[in-house]
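Shown below: upload-v9.cif, with mmCIF, C-alpha atoms.
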```
data_work
#
loop_
_atom_site.label_atom_id
_atom_site.label_comp_id
_atom_site.auth_asym_id
_atom_site.auth_seq_id
_atom_site.Cartn_x
_atom_site.Cartn_y
_atom_site.Cartn_z
CA MET K 226 -12.08 -0.88 13.24
CA SER K 227 -15.84 -1.34 13.57
CA ASP K 228 -17.52 -1.37 16.96
CA ALA K 229 -18.26 -5.08 16.54
CA HIS K 230 -14.59 -5.89 15.84
CA TRP K 231 -13.48 -3.65 18.70
CA SER K 232 -15.80 -5.44 21.13
CA PHE K 233 -14.60 -8.82 19.85
CA ALA K 234 -10.93 -7.76 20.26
CA GLN K 235 -11.57 -6.75 23.85
CA ASP K 236 -13.32 -10.04 24.69
CA PHE K 237 -10.65 -12.07 22.91
CA SER K 238 -7.86 -10.26 24.77
CA THR K 239 -9.41 -11.12 28.13
CA THR K 240 -9.88 -14.81 27.24
CA PHE K 241 -6.52 -15.21 25.51
CA GLN K 242 -4.48 -13.53 28.26
CA SER K 243 -6.23 -15.56 30.96
CA SER K 244 -5.43 -18.82 29.15
CA ARG K 245 -1.90 -17.68 28.42
CA LEU K 246 -1.17 -16.79 32.06
CA ASP K 247 -2.54 -20.12 33.25
CA LEU K 248 -0.38 -22.00 30.73
CA GLU K 249 2.71 -19.95 31.56
CA ASN K 250 2.25 -20.67 35.28
CA ARG K 251 2.09 -24.40 34.53
CA LEU K 252 5.19 -24.16 32.33
CA HIS K 253 7.23 -22.32 34.96
CA ALA K 254 6.08 -24.77 37.65
CA ALA K 255 7.20 -27.65 35.45
CA LYS K 256 10.55 -25.95 34.81
CA SER K 257 11.28 -25.83 38.54
CA SER K 258 10.29 -29.49 39.03
CA SER K 259 12.96 -32.19 39.31
CA SER K 260 11.09 -34.55 37.00
CA ILE K 261 8.53 -33.92 34.28
CA PRO K 262 6.09 -36.70 33.31
CA THR K 263 5.72 -37.26 29.57
CA ASP K 264 1.93 -37.05 29.73
CA PHE K 265 2.20 -33.67 31.49
CA LEU K 266 4.27 -32.30 28.58
CA SER K 267 1.68 -33.70 26.20
CA ASP K 268 -1.08 -31.87 28.07
CA LEU K 269 0.90 -28.61 27.88
CA SER K 270 1.43 -29.06 24.14
CA GLN K 271 -2.26 -29.69 23.58
CA ALA K 272 -3.22 -26.61 25.62
CA LEU K 273 -0.81 -24.46 23.61
CA ALA K 274 -2.10 -25.90 20.33
CA LYS K 275 -5.64 -25.01 21.38
CA LEU K 276 -4.55 -21.46 22.27
CA SER K 277 -2.71 -21.12 18.96
CA LYS K 278 -5.77 -22.31 17.03
CA SER K 279 -8.00 -19.78 18.79
CA LEU K 280 -5.58 -17.05 17.71
CA ALA K 281 -5.54 -18.29 14.12
CA ASP K 282 -9.35 -18.37 14.02
CA ALA K 283 -9.56 -14.80 15.36
CA ASN K 284 -6.81 -13.27 13.23
CA ASP K 285 -9.09 -11.54 10.75
CA ARG K 286 -10.93 -9.65 13.50
CA LEU K 287 -7.92 -8.51 15.57
CA PRO K 288 -5.80 -5.37 15.15
CA SER K 289 -2.49 -6.10 13.43
CA TYR K 290 -0.47 -5.02 16.48
CA ASP K 291 -2.44 -7.36 18.75
CA ARG K 292 -1.90 -10.26 16.33
CA ARG K 293 1.85 -9.72 16.41
CA GLN K 294 1.95 -9.53 20.22
CA TYR K 295 -0.16 -12.67 20.67
CA GLY K 296 1.93 -14.50 18.08
CA LEU K 297 5.17 -13.63 19.91
CA GLN K 298 3.67 -14.86 23.18
CA VAL K 299 2.70 -18.18 21.60
CA LYS K 300 6.20 -18.60 20.12
CA ALA K 301 7.80 -17.91 23.51
CA MET K 302 5.71 -20.67 25.08
CA GLU K 303 6.52 -23.05 22.21
CA LYS K 304 10.23 -22.46 22.89
CA LEU K 305 9.74 -23.10 26.62
CA ILE K 306 7.94 -26.39 25.95
CA GLU K 307 10.78 -27.50 23.65
CA GLU K 308 13.29 -26.68 26.39
CA LEU K 309 11.27 -28.73 28.90
CA ARG K 310 11.01 -31.62 26.47
CA ALA K 311 14.77 -31.58 25.87
CA ALA K 312 15.47 -31.42 29.62
CA SER K 313 13.16 -34.36 30.33
CA LYS K 314 15.01 -36.74 27.99
CA PRO K 315 17.13 -39.31 29.87
CA ASN K 316 20.87 -38.87 29.64
CA THR K 317 22.66 -41.42 27.47
CA LYS K 318 24.96 -43.81 29.30
CA PHE K 319 28.62 -42.94 29.22
CA ALA K 320 31.05 -45.59 27.98
CA PHE K 321 34.75 -45.62 27.24
CA LYS K 322 35.74 -46.43 23.67
CA ARG K 323 39.14 -47.20 22.31
CA SER K 324 40.11 -44.86 19.56
CA THR K 325 43.06 -44.85 17.27
CA PRO K 326 45.34 -41.90 17.86
CA ALA K 327 44.55 -39.16 15.43
CA ALA K 328 47.24 -37.55 13.41
CA SER K 329 48.32 -34.27 14.87
CA VAL K 330 46.67 -31.41 13.10
CA SER K 331 47.65 -27.80 13.48
CA PRO K 332 44.82 -25.86 15.00
CA SER K 333 43.00 -23.53 12.67
CA PRO K 334 43.37 -19.88 13.45
CA VAL K 335 40.46 -18.65 15.54
CA ALA K 336 38.83 -15.41 14.52
CA PRO K 337 38.82 -12.85 17.31
CA ASP K 338 35.53 -12.16 19.05
CA PRO K 339 33.73 -9.11 17.69
CA PRO K 340 33.78 -6.07 19.94
CA PRO K 341 30.74 -5.80 22.22
CA VAL K 342 27.89 -3.65 21.08
CA LEU K 343 27.18 -1.04 23.68
CA GLU K 344 23.68 0.34 24.11
CA GLU K 345 23.62 4.11 23.95
CA GLN K 346 23.10 5.82 27.29
CA ARG K 347 19.55 7.06 27.56
CA HIS K 348 20.37 10.16 29.57
CA SER K 349 23.36 11.47 27.69
CA ASP K 350 23.83 15.18 27.11
CA THR K 351 23.13 14.79 23.42
CA PRO K 352 20.03 13.45 21.68
CA SER K 353 20.21 9.95 20.25
CA ASN K 354 19.92 9.33 16.53
CA ASP K 355 16.25 8.68 16.06
CA VAL K 356 15.21 5.91 13.71
CA MET K 357 12.18 6.83 11.66
CA MET K 358 11.15 4.70 8.75
CA GLN K 359 8.16 3.99 6.60
CA SER K 360 7.80 0.24 6.36
CA SER K 361 5.12 0.56 3.69
CA THR K 362 3.21 3.29 1.95
CA ASN K 363 0.52 3.29 4.64
CA HIS K 364 2.52 2.45 7.78
CA ILE K 365 4.79 4.90 9.61
CA MET K 366 7.17 3.99 12.42
CA ILE K 367 8.91 6.17 15.02
CA THR K 368 11.22 4.08 17.16
CA SER K 369 14.35 3.98 19.33
CA CYS K 370 14.75 7.64 20.29
CA SER K 371 15.77 9.49 23.41
CA ASN K 372 16.03 13.17 24.31
CA ARG K 373 14.25 14.37 21.15
CA TYR K 374 11.50 16.78 20.18
CA ILE K 375 9.66 15.09 17.30
CA THR K 376 7.09 16.80 15.06
CA SER K 377 5.00 15.91 12.03
CA THR K 378 7.71 17.43 9.80
CA ASP K 379 9.97 14.54 10.83
CA LEU K 380 7.59 11.99 9.32
CA PRO K 381 8.19 10.60 5.81
CA SER K 382 6.85 12.98 3.17
CA SER K 383 5.85 10.07 0.90
CA ARG K 384 3.25 8.68 3.31
CA GLN K 385 -0.34 8.01 2.29
CA PRO K 386 -3.03 10.61 3.22
CA SER K 387 -4.27 8.22 5.94
CA SER K 388 -1.65 5.95 7.51
CA ASP K 389 -1.15 3.69 10.51
CA LEU K 390 1.44 4.91 13.01
CA THR K 391 3.62 2.81 15.35
CA ILE K 392 5.60 4.53 18.12
CA SER K 393 7.95 2.40 20.23
CA ASP K 394 10.98 2.48 22.54
CA LEU K 395 11.13 6.20 23.29
CA ASP K 396 12.62 7.76 26.40
CA HIS K 397 12.49 11.43 27.47
CA CYS K 398 10.91 12.64 24.22
CA ILE K 399 8.19 15.09 23.25
CA ILE K 400 6.23 13.85 20.25
CA ASN K 401 4.00 16.65 18.95
CA LEU K 402 1.99 15.50 15.93
CA ALA K 403 -1.11 17.59 16.63
CA CYS K 404 0.24 20.96 15.54
CA THR K 405 3.26 22.65 14.05
CA PRO K 406 5.65 23.86 16.76
CA ALA K 407 5.40 27.47 17.84
CA SER K 408 8.32 29.69 16.88
CA ALA K 409 9.44 33.20 17.75
CA GLY K 410 6.56 35.54 16.99
CA ASN K 411 4.34 32.77 15.60
CA ASN K 412 1.65 30.66 17.24
CA HIS K 413 1.25 26.95 16.61
CA VAL K 414 -0.97 25.74 13.75
CA ILE K 415 -3.13 22.60 13.89
CA THR K 416 -1.76 19.96 11.50
CA GLU K 417 -3.82 18.20 8.86
CA LEU K 418 -2.15 14.88 9.67
CA GLN K 419 -4.54 11.98 9.04
CA LEU K 420 -3.92 8.75 10.93
CA SER K 421 -6.17 5.69 10.73
CA ALA K 422 -4.76 3.92 13.82
CA VAL K 423 -1.94 4.34 16.35
CA HIS K 424 0.02 1.67 18.23
CA VAL K 425 2.29 2.80 21.08
CA ASN K 426 4.72 0.57 22.96
CA LYS K 427 7.40 1.15 25.62
CA LEU K 428 7.41 4.88 26.29
CA THR K 429 9.04 6.32 29.39
CA ASN K 430 9.01 9.96 30.52
CA CYS K 431 7.46 11.19 27.29
CA VAL K 432 4.83 13.72 26.23
CA LEU K 433 2.76 12.38 23.31
CA ILE K 434 0.45 14.89 21.63
CA LEU K 435 -1.64 13.30 18.87
CA PRO K 436 -4.31 14.73 16.58
CA MET K 437 -7.78 13.27 16.15
CA ILE K 438 -7.36 9.62 15.09
CA ASN K 439 -9.89 8.11 12.70
CA GLY K 440 -9.77 4.68 14.37
CA SER K 441 -8.20 3.04 17.42
CA VAL K 442 -5.30 3.85 19.74
CA LEU K 443 -3.58 0.91 21.48
CA LEU K 444 -0.90 1.49 24.14
CA TYR K 445 1.38 -0.97 25.95
CA ASP K 446 4.07 -0.53 28.62
CA ILE K 447 3.78 3.23 29.13
CA SER K 448 5.37 4.75 32.22
CA GLN K 449 5.41 8.33 33.54
CA CYS K 450 3.98 9.88 30.39
CA ILE K 451 1.43 12.40 29.17
CA ILE K 452 -0.89 11.19 26.38
CA ALA K 453 -3.20 13.61 24.54
CA VAL K 454 -5.38 12.10 21.81
CA GLY K 455 -8.85 12.04 20.27
CA CYS K 456 -10.04 8.72 18.84
CA HIS K 457 -12.94 6.30 18.43
CA GLN K 458 -11.43 3.48 20.53
CA PHE K 459 -8.76 3.63 23.24
CA ARG K 460 -7.09 0.72 25.02
CA MET K 461 -4.09 0.75 27.37
CA HIS K 462 -2.24 -2.27 28.80
CA SER K 463 0.50 -2.76 31.41
CA SER K 464 1.07 0.93 32.08
CA THR K 465 1.56 3.09 35.13
CA HIS K 466 1.64 6.77 36.14
CA VAL K 467 0.12 8.12 32.94
CA ASP K 468 -2.06 11.21 32.51
CA VAL K 469 -4.45 10.83 29.58
CA TYR K 470 -6.12 13.83 27.90
CA LEU K 471 -8.82 12.10 25.88
CA LEU K 472 -11.67 12.84 23.50
CA ILE K 473 -13.52 9.63 22.64
CA SER K 474 -16.89 8.41 21.38
CA SER K 475 -16.77 5.04 23.18
CA MET K 476 -15.67 3.71 26.57
CA PRO K 477 -11.86 3.61 27.02
CA VAL K 478 -10.38 0.36 28.30
CA ILE K 479 -7.40 -0.29 30.58
CA GLU K 480 -5.89 -3.60 31.72
CA HIS K 481 -3.00 -4.37 34.09
CA CYS K 482 -2.57 -0.65 34.71
CA SER K 483 -2.16 1.54 37.79
CA SER K 484 -2.13 5.26 38.61
CA ILE K 485 -3.83 6.27 35.35
CA ARG K 486 -5.57 9.65 35.38
CA PHE K 487 -8.03 10.86 32.74
CA THR K 488 -9.23 14.28 31.69
CA ALA K 489 -10.58 16.04 28.60
CA TYR K 490 -8.61 16.53 25.38
CA PRO K 491 -7.32 20.13 25.10
CA GLU K 492 -9.40 22.41 22.90
CA THR K 493 -6.22 24.02 21.62
CA PHE K 494 -5.57 20.95 19.44
CA ILE K 495 -9.01 20.91 17.78
CA ASN K 496 -9.89 22.88 14.65
CA GLU K 497 -13.65 22.56 14.79
CA THR K 498 -15.92 23.27 17.72
CA ARG K 499 -16.92 20.11 19.58
CA GLU K 500 -17.68 18.92 23.09
CA THR K 501 -14.42 18.09 24.89
CA MET K 502 -15.63 17.76 28.47
CA MET K 503 -14.83 14.39 29.98
CA HIS K 504 -18.13 12.57 30.35
CA PHE K 505 -17.02 8.96 29.98
CA SER K 506 -16.27 6.21 32.43
CA VAL K 507 -13.39 3.76 32.06
CA GLN K 508 -13.66 -0.01 31.75
CA ASP K 509 -10.93 -1.75 33.75
CA PHE K 510 -10.49 -5.39 32.68
CA SER K 511 -8.37 -5.96 35.79
CA HIS K 512 -11.19 -4.88 38.08
CA ILE K 513 -14.44 -6.44 36.86
CA ARG K 514 -16.42 -5.67 40.01
CA PRO K 515 -19.25 -3.32 40.97
CA THR K 516 -16.87 -1.27 43.14
CA PRO K 517 -14.84 1.64 41.65
CA SER K 518 -11.53 0.64 40.13
CA PRO K 519 -8.48 1.66 42.18
CA HIS K 520 -6.36 1.79 39.02
CA TRP K 521 -7.66 5.00 37.46
CA SER K 522 -9.10 8.35 38.50
CA LYS K 523 -10.04 11.74 37.09
CA LEU K 524 -7.15 14.17 36.80
CA PRO K 525 -7.74 17.07 39.23
CA GLN K 526 -8.41 20.34 37.46
CA ASP K 527 -5.63 22.14 39.29
CA THR K 528 -3.03 19.69 37.99
CA THR K 529 -3.97 19.78 34.28
CA ILE K 530 -1.47 21.25 31.84
CA ILE K 531 -2.20 24.89 31.01
CA SER K 532 0.81 25.69 28.85
CA TRP K 533 1.64 22.78 26.54
CA PRO K 534 5.26 22.32 25.34
CA LEU K 535 4.67 23.41 21.74
CA THR K 536 8.01 25.08 21.10
CA ALA K 537 10.48 22.69 19.51
CA THR K 538 13.95 22.61 21.00
CA LYS K 539 17.26 20.83 20.39
CA ASP K 540 18.55 21.86 23.81
CA VAL K 541 18.50 18.58 25.75
CA LYS K 542 18.60 20.22 29.17
CA GLN K 543 15.68 22.46 28.30
CA LEU K 544 13.76 19.47 26.91
CA LEU K 545 14.35 17.38 30.04
CA ASP K 546 13.35 20.28 32.30
CA VAL K 547 10.06 20.70 30.42
CA ILE K 548 9.31 16.96 30.58
CA SER K 549 10.08 16.75 34.30
CA GLU K 550 7.64 19.58 34.98
CA VAL K 551 4.63 17.90 33.36
CA VAL K 552 4.97 14.09 33.60
CA PRO K 553 3.24 12.43 36.56
CA PRO K 554 5.58 11.77 39.49
CA VAL K 555 6.00 8.29 40.91
CA GLN K 556 4.62 8.37 44.44
#
```
Written as structure tokens, that's how I'd like the structure from this file.
Amino acid sequence: MSDAHWSFAQDFSTTFQSSRLDLENRLHAAKSSSSIPTDFLSDLSQALAKLSKSLADANDRLPSYDRRQYGLQVKAMEKLIEELRAASKPNTKFAFKRSTPAASVSPSPVAPDPPPVLEEQRHSDTPSNDVMMQSSTNHIMITSCSNRYITSTDLPSSRQPSSDLTISDLDHCIINLACTPASAGNNHVITELQLSAVHVNKLTNCVLILPMINGSVLLYDISQCIIAVGCHQFRMHSSTHVDVYLLISSMPVIEHCSSIRFTAYPETFINETRETMMHFSVQDFSHIRPTPSPHWSKLPQDTTIISWPLTATKDVKQLLDVISEVVPPVQ
């Protein structure tokens, strides 16, 4: 993504989310009201149509992940408006009608209800079956895992030399894509994995170690995690208690975040010699004021990770112990 598109995406996100929140507040207020005027519903529909048009006009200049998220938000509001419209319709008057007695018909056999689907326990003593798939030749997905150590060798071998990566719905995992895991008597080796962009969503108690990314890194709903990455653009939304080890050529952006700590990307994950010292500031879209943002800070030197978890393990207890030692505590 070019700098111009990145700047546009940031500005659009601020405007879109502000309009969306205002519209959602009006929708929820209307939902709790005893009566809803027809013209009020019309105004809501027009506001949503305007928001939807702005998204359609901006589609070509937004990251694909952002487009999907905005589209889902618009659809959710469309559904809410339809529910309000249905609830506002007057009830039809009830009247008794004479009916001729129907011939008795034997009831059809009713199929039994299917057994309930139970969600797998996240903190079981065994790792869950991870779901890794390649949705296209240039898009890799890692999703729905818990209690796993994931490496670049777990990725599809048929991927393109430079692919997009989506990581979502992980709990208590170590995802090490920056280097091959260390083994007995052998040190780790930096991978040659090439990624053009990374989208991360819904990670809890995870350690994510990424190589240098050619483009942007977008993160949503991250909690109690360690993120190590080098990239050209970095943006994090709706996250809390995250330590970020970052190498970046532009200003990182956060929004609706709290307790985010930044420090430099570890030299151990870089092949070539380059400046890794943290010299950037952070733009907080939730604190557009001249005063320092209370939502992020620099990670103190004495709390940075010295020994990274680079040894792969299938022992769940050992994995959980390692994660608990390094992820930021909730205070």
Ground truth for the PyMOL selection byres ((chain K and resi 266) around 10), written as a ChimeraX atom specification
/K:252,255,261-265,267-272,306-307,309-310,313
Figure out the distance between CA of Tyr470 in chain K and CA of Asp389 in chain K, please, to one decimal in Å.
20.7 Å
Taking the file above as input, evaluate the PyMOL selection byres ((chain K and resi 420) around 7) and report the hits as a PyMOL selection string.
chain K and resi 387-390+418-419+421-422+438-439
Nearby residues (only C-alpha atoms) at most 9 Å from Glu303 in chain K, same-chain spacing under 5 positions excluded, as a PDB file with C-alpha atoms, keeping the file's coordinate frame:
```pdb
ATOM      1  CA  SER K 270       1.430 -29.060  24.140  1.00  0.00           C
ATOM      2  CA  LEU K 273      -0.810 -24.460  23.610  1.00  0.00           C
ATOM      3  CA  GLN K 298       3.670 -14.860  23.180  1.00  0.00           C
ATOM      4  CA  GLU K 308      13.290 -26.680  26.390  1.00  0.00           C
TER       5      GLU K 308
END
```
Matched chain/residue IDs from the PyMOL selection byres ((chain K and resi 475) around 9), as a list of chain:residue names:
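With the shown file as input, the PyMOL selection byres ((chain K and resi 475) around 9) matches K:Asp228, K:Cys456, K:His457, K:Gln458, K:Phe459, K:Ile473, K:Ser474, K:Met476, K:Pro477, K:Phe505.
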Keeping only C-alpha atoms, take the residues you just selected and write them out as an mmCIF file, keeping the file's coordinate frame.
```
data_model
loop_
_atom_site.group_PDB
_atom_site.id
_atom_site.type_symbol
_atom_site.label_atom_id
_atom_site.label_comp_id
_atom_site.auth_asym_id
_atom_site.auth_seq_id
_atom_site.Cartn_x
_atom_site.Cartn_y
_atom_site.Cartn_z
ATOM 1 C CA ASP K 228 -17.520 -1.370 16.960
ATOM 2 C CA CYS K 456 -10.040 8.720 18.840
ATOM 3 C CA HIS K 457 -12.940 6.300 18.430
ATOM 4 C CA GLN K 458 -11.430 3.480 20.530
ATOM 5 C CA PHE K 459 -8.760 3.630 23.240
ATOM 6 C CA ILE K 473 -13.520 9.630 22.640
ATOM 7 C CA SER K 474 -16.890 8.410 21.380
ATOM 8 C CA MET K 476 -15.670 3.710 26.570
ATOM 9 C CA PRO K 477 -11.860 3.610 27.020
ATOM 10 C CA PHE K 505 -17.020 8.960 29.980
#
```
The residues within 6 Å of (2.6, 1.9, 20.5), using only C-alpha atoms and the coordinates of the file, should be reported as a VMD selection string; which are they?
chain K and resid 391 to 393 424 to 426 444
What does the structure give for the distance between CA of Thr465 in chain K and CA of Tyr295 in chain K, in Å to one decimal?
21.5 Å
